[in-house]
Amino acid sequence: MDSSVPVIAVDGPSGTGKGTIAAHIAQTLGFHLLDSGALYRILGIAVLKSGTDLNDGPAVAELASSLDIAFSPTEPGVVLLNGEDVSVQIRTDEGSDMASRVGAIPEARQALMQRQLDFRKSPGLVADGRDMGTVVFPDALLKIYLTASPEERARRRYKQLIDKGIGAILPALLQDLKERDARDSERKISPLIPASDAIVLDTTELSEEQVTERVMKLVHTALN
Ligand code: C5P
């Protein structure tokens, strides 16, 4: 890890468009991209596959340290766990649920720390997650915290699923999202909160284009 390499941290709850924005910034600047949520999702799926006890923190940490995880350099969003393509599985509701469960285990967070730091390579890194600006890269050059009302985030998720031809029930999605938010915000270690020096952007009333425009302005100001 080279601490002179600039990091742009994009944090916030799910459904705020963080992933899309982070990928856009990385592509525009030619920076590396860390989707830290994918690491937690992969660990969650690995816990399921191996039958590891979620109450056994050291065992989950050992599993986290031993995982062979690869992000495809050519196909965005494609991730391999021990050589197996788990890209679809990690994005299921089960994958989301397991990610937030392993994310609440302090030993698991510690075990994933070095993997995240290793993404910091020249010419720069865009890091997307929950604790990028607070814990993993506290010295990030720019910290953006995206937020939106739970109702709007659930509506966005609903639309995404319907557009993909996947059936969904809006009140159930909202309920799941609120439970995951509560687990992410109330956990003792690395809770979901904006860094004190983060720029908070509420996207509830903004289109994707408006969010992109505002974020890119912040990015260019920070880099110049
Ligand atoms: O960002 P994404 O929705 O893929 O994250 C899935 C889950 O992983 C989150 O709900 C959160 O519980 C966990 N997570 C985390 N810390 C991160 C990124 C994700 O705890 N930096």
# chains A, B, ... in the order shown; residues from 1 in each chain; ligands from 1
>>> closest_atom_pairs(of="stretch 60-139 of chain A", to="stretch 39-46 of chain A", cutoff="7 Å", atoms="only C-alpha atoms", output="CSV")
residue,atom,partner,partner_atom,distance
A:Ala64,CA,A:Leu43,CA,6.2
A:Ile90,CA,A:Arg41,CA,5.4
A:Gly95,CA,A:Arg41,CA,5.6
A:Ser96,CA,A:Arg41,CA,6.4
A:Met98,CA,A:Gly44,CA,4.6
A:Ala99,CA,A:Arg41,CA,4.4
A:Val102,CA,A:Gly44,CA,6.0
A:Gly103,CA,A:Tyr40,CA,6.4
>>> write_last_selection(atoms="N, CA, C and O atoms", output="compact mmCIF listing (two decimals), in the first residue's frame")
# COMPACT_ATOMS: atom_id res chain seq x y z
N ALA A 64 -12.12 -16.07 6.19
CA ALA A 64 -11.90 -14.82 5.42
C ALA A 64 -10.45 -14.73 4.94
O ALA A 64 -10.19 -14.31 3.80
N ILE A 90 -23.81 -13.77 -5.10
CA ILE A 90 -23.55 -12.77 -4.05
C ILE A 90 -24.55 -11.62 -4.09
O ILE A 90 -24.71 -10.92 -3.11
N GLY A 95 -27.41 -13.32 -0.27
CA GLY A 95 -26.06 -12.76 -0.28
C GLY A 95 -26.01 -11.45 0.51
O GLY A 95 -25.07 -11.21 1.28
N SER A 96 -27.04 -10.60 0.34
CA SER A 96 -27.09 -9.32 1.07
C SER A 96 -27.22 -9.57 2.56
O SER A 96 -26.54 -8.92 3.37
N MET A 98 -26.40 -12.29 4.30
CA MET A 98 -25.19 -12.90 4.87
C MET A 98 -24.07 -11.86 4.98
O MET A 98 -23.30 -11.88 5.94
N ALA A 99 -24.00 -10.95 3.99
CA ALA A 99 -22.95 -9.92 4.04
C ALA A 99 -23.12 -9.07 5.28
O ALA A 99 -22.15 -8.77 5.99
N VAL A 102 -22.01 -11.16 8.40
CA VAL A 102 -20.56 -11.29 8.64
C VAL A 102 -19.93 -9.92 8.91
O VAL A 102 -18.94 -9.82 9.64
N GLY A 103 -20.56 -8.87 8.34
CA GLY A 103 -20.04 -7.51 8.56
C GLY A 103 -20.14 -7.07 10.01
O GLY A 103 -19.47 -6.13 10.43
>>> residues_near_ligand(ligand="ligand 1", cutoff="8 Å", atoms="only C-alpha atoms and all ligand atoms", output="MDAnalysis selection string")
chainID A and resid 11 13:15 18:19 35:41 91 95:104 109 128:132 180:181 183:184 190:192
>>> write_last_selection(atoms="N, CA, C and O atoms", output="CSV table (one decimal), in the first residue's frame")
chain,number,residue,atom,x,y,z
A,11,ASP,N,-19.2,6.3,0.6
A,11,ASP,CA,-19.9,5.5,1.6
A,11,ASP,C,-21.4,5.8,1.6
A,11,ASP,O,-21.8,6.8,1.0
A,13,PRO,N,-25.6,3.9,2.8
A,13,PRO,CA,-26.4,2.7,2.8
A,13,PRO,C,-26.7,2.2,1.4
A,13,PRO,O,-26.4,2.9,0.4
A,14,SER,N,-27.3,1.0,1.3
A,14,SER,CA,-27.6,0.4,0.0
A,14,SER,C,-28.8,1.2,-0.7
A,14,SER,O,-29.6,1.8,0.0
A,15,GLY,N,-28.7,1.2,-2.0
A,15,GLY,CA,-29.8,1.8,-2.8
A,15,GLY,C,-29.6,3.3,-3.0
A,15,GLY,O,-30.5,4.0,-3.4
A,18,LYS,N,-24.4,4.3,-4.9
A,18,LYS,CA,-23.0,4.3,-4.6
A,18,LYS,C,-22.1,3.6,-5.6
A,18,LYS,O,-21.1,4.0,-6.1
A,19,GLY,N,-22.6,2.3,-5.9
A,19,GLY,CA,-21.8,1.4,-6.7
A,19,GLY,C,-21.6,2.0,-8.1
A,19,GLY,O,-20.5,2.0,-8.7
A,35,ASP,N,-14.9,-2.6,-4.5
A,35,ASP,CA,-16.2,-2.8,-4.1
A,35,ASP,C,-16.2,-3.6,-2.9
A,35,ASP,O,-16.2,-4.8,-2.9
A,36,SER,N,-16.1,-2.9,-1.7
A,36,SER,CA,-15.8,-3.6,-0.5
A,36,SER,C,-17.0,-4.5,-0.1
A,36,SER,O,-16.9,-5.5,0.5
A,37,GLY,N,-18.2,-4.0,-0.5
A,37,GLY,CA,-19.4,-4.8,-0.2
A,37,GLY,C,-19.3,-6.2,-0.8
A,37,GLY,O,-19.8,-7.2,-0.2
A,38,ALA,N,-18.7,-6.3,-2.0
A,38,ALA,CA,-18.5,-7.6,-2.7
A,38,ALA,C,-17.7,-8.5,-1.8
A,38,ALA,O,-18.0,-9.7,-1.7
A,39,LEU,N,-16.7,-8.0,-1.1
A,39,LEU,CA,-15.9,-8.8,-0.2
A,39,LEU,C,-16.7,-9.4,0.9
A,39,LEU,O,-16.6,-10.6,1.2
A,40,TYR,N,-17.6,-8.6,1.5
A,40,TYR,CA,-18.4,-9.0,2.6
A,40,TYR,C,-19.5,-10.0,2.1
A,40,TYR,O,-19.8,-11.0,2.7
A,41,ARG,N,-20.0,-9.8,0.9
A,41,ARG,CA,-20.9,-10.7,0.2
A,41,ARG,C,-20.3,-12.1,0.0
A,41,ARG,O,-20.8,-13.1,0.2
A,91,ARG,N,-25.2,-11.4,-5.2
A,91,ARG,CA,-26.2,-10.3,-5.4
A,91,ARG,C,-27.6,-10.7,-5.0
A,91,ARG,O,-28.5,-9.9,-5.1
A,95,GLY,N,-27.4,-13.3,-0.3
A,95,GLY,CA,-26.1,-12.8,-0.3
A,95,GLY,C,-26.0,-11.4,0.5
A,95,GLY,O,-25.1,-11.2,1.3
A,96,SER,N,-27.0,-10.6,0.3
A,96,SER,CA,-27.1,-9.3,1.1
A,96,SER,C,-27.2,-9.6,2.6
A,96,SER,O,-26.5,-8.9,3.4
A,97,ASP,N,-28.1,-10.5,2.9
A,97,ASP,CA,-28.3,-10.8,4.3
A,97,ASP,C,-27.1,-11.3,5.0
A,97,ASP,O,-26.7,-10.9,6.1
A,98,MET,N,-26.4,-12.3,4.3
A,98,MET,CA,-25.2,-12.9,4.9
A,98,MET,C,-24.1,-11.9,5.0
A,98,MET,O,-23.3,-11.9,5.9
A,99,ALA,N,-24.0,-11.0,4.0
A,99,ALA,CA,-23.0,-9.9,4.0
A,99,ALA,C,-23.1,-9.1,5.3
A,99,ALA,O,-22.1,-8.8,6.0
A,100,SER,N,-24.4,-8.7,5.6
A,100,SER,CA,-24.5,-7.8,6.7
A,100,SER,C,-24.3,-8.6,8.0
A,100,SER,O,-23.9,-8.0,9.1
A,101,ARG,N,-24.5,-9.9,8.0
A,101,ARG,CA,-24.3,-10.7,9.2
A,101,ARG,C,-22.8,-10.8,9.5
A,101,ARG,O,-22.3,-10.6,10.6
A,102,VAL,N,-22.0,-11.2,8.4
A,102,VAL,CA,-20.6,-11.3,8.6
A,102,VAL,C,-19.9,-9.9,8.9
A,102,VAL,O,-18.9,-9.8,9.6
A,103,GLY,N,-20.6,-8.9,8.3
A,103,GLY,CA,-20.0,-7.5,8.6
A,103,GLY,C,-20.1,-7.1,10.0
A,103,GLY,O,-19.5,-6.1,10.4
A,104,ALA,N,-21.0,-7.7,10.8
A,104,ALA,CA,-21.1,-7.4,12.2
A,104,ALA,C,-20.1,-8.1,13.1
A,104,ALA,O,-20.1,-7.9,14.3
A,109,ARG,N,-14.2,-8.4,10.1
A,109,ARG,CA,-13.8,-7.1,9.5
A,109,ARG,C,-12.3,-6.9,9.5
A,109,ARG,O,-11.7,-6.4,8.6
A,128,ASP,N,-15.6,1.9,-2.5
A,128,ASP,CA,-17.1,2.0,-2.2
A,128,ASP,C,-17.5,1.1,-1.1
A,128,ASP,O,-17.0,-0.1,-1.0
A,129,GLY,N,-18.2,1.6,-0.1
A,129,GLY,CA,-18.5,0.8,1.1
A,129,GLY,C,-19.3,1.5,2.1
A,129,GLY,O,-20.2,2.3,1.9
A,130,ARG,N,-19.0,1.1,3.4
A,130,ARG,CA,-19.7,1.7,4.5
A,130,ARG,C,-18.8,2.4,5.4
A,130,ARG,O,-19.1,3.4,6.1
A,131,ASP,N,-17.5,1.9,5.5
A,131,ASP,CA,-16.5,2.5,6.4
A,131,ASP,C,-15.2,2.8,5.7
A,131,ASP,O,-14.2,2.8,6.3
A,132,MET,N,-15.3,3.2,4.4
A,132,MET,CA,-14.1,3.5,3.7
A,132,MET,C,-13.5,4.8,4.2
A,132,MET,O,-12.3,4.8,4.5
A,180,ARG,N,-31.6,-4.2,7.5
A,180,ARG,CA,-30.2,-4.2,7.1
A,180,ARG,C,-29.5,-2.9,7.6
A,180,ARG,O,-28.5,-2.9,8.1
A,181,ASP,N,-30.3,-1.8,7.3
A,181,ASP,CA,-29.8,-0.5,7.8
A,181,ASP,C,-29.5,-0.5,9.3
A,181,ASP,O,-28.5,0.0,9.8
A,183,ARG,N,-29.0,-3.0,11.2
A,183,ARG,CA,-27.8,-3.9,11.6
A,183,ARG,C,-26.5,-3.2,11.3
A,183,ARG,O,-25.6,-3.2,12.0
A,184,ASP,N,-26.5,-2.5,10.1
A,184,ASP,CA,-25.2,-1.8,9.7
A,184,ASP,C,-25.0,-0.6,10.6
A,184,ASP,O,-23.8,-0.3,10.9
A,190,SER,N,-17.2,-0.4,13.3
A,190,SER,CA,-17.4,0.3,12.0
A,190,SER,C,-18.8,0.5,11.6
A,190,SER,O,-19.3,0.1,10.6
A,191,PRO,N,-19.6,1.1,12.5
A,191,PRO,CA,-21.0,1.3,12.1
A,191,PRO,C,-21.1,2.3,10.9
A,191,PRO,O,-20.2,3.0,10.6
A,192,LEU,N,-22.3,2.2,10.3
A,192,LEU,CA,-22.5,3.0,9.1
A,192,LEU,C,-22.8,4.5,9.6
A,192,LEU,O,-23.9,4.8,10.0
>>> closest_residue(among="A:Ser72, A:Thr204, A:Thr134, A:Ser66", to="A:Asp85", atoms="only C-alpha atoms")
A:Ser72
>>> closest_residue(among="A:Ala195, A:Ala61, A:Ile166, A:Leu146", to="A:Val215", atoms="only C-alpha atoms")
A:Leu146
>>> select_by_dssp(residues="stretch 78-190 of chain A", states="strand (DSSP E or B)", output="PyMOL selection string")
chain A and resi 79-81+84-85+125-129+142-147
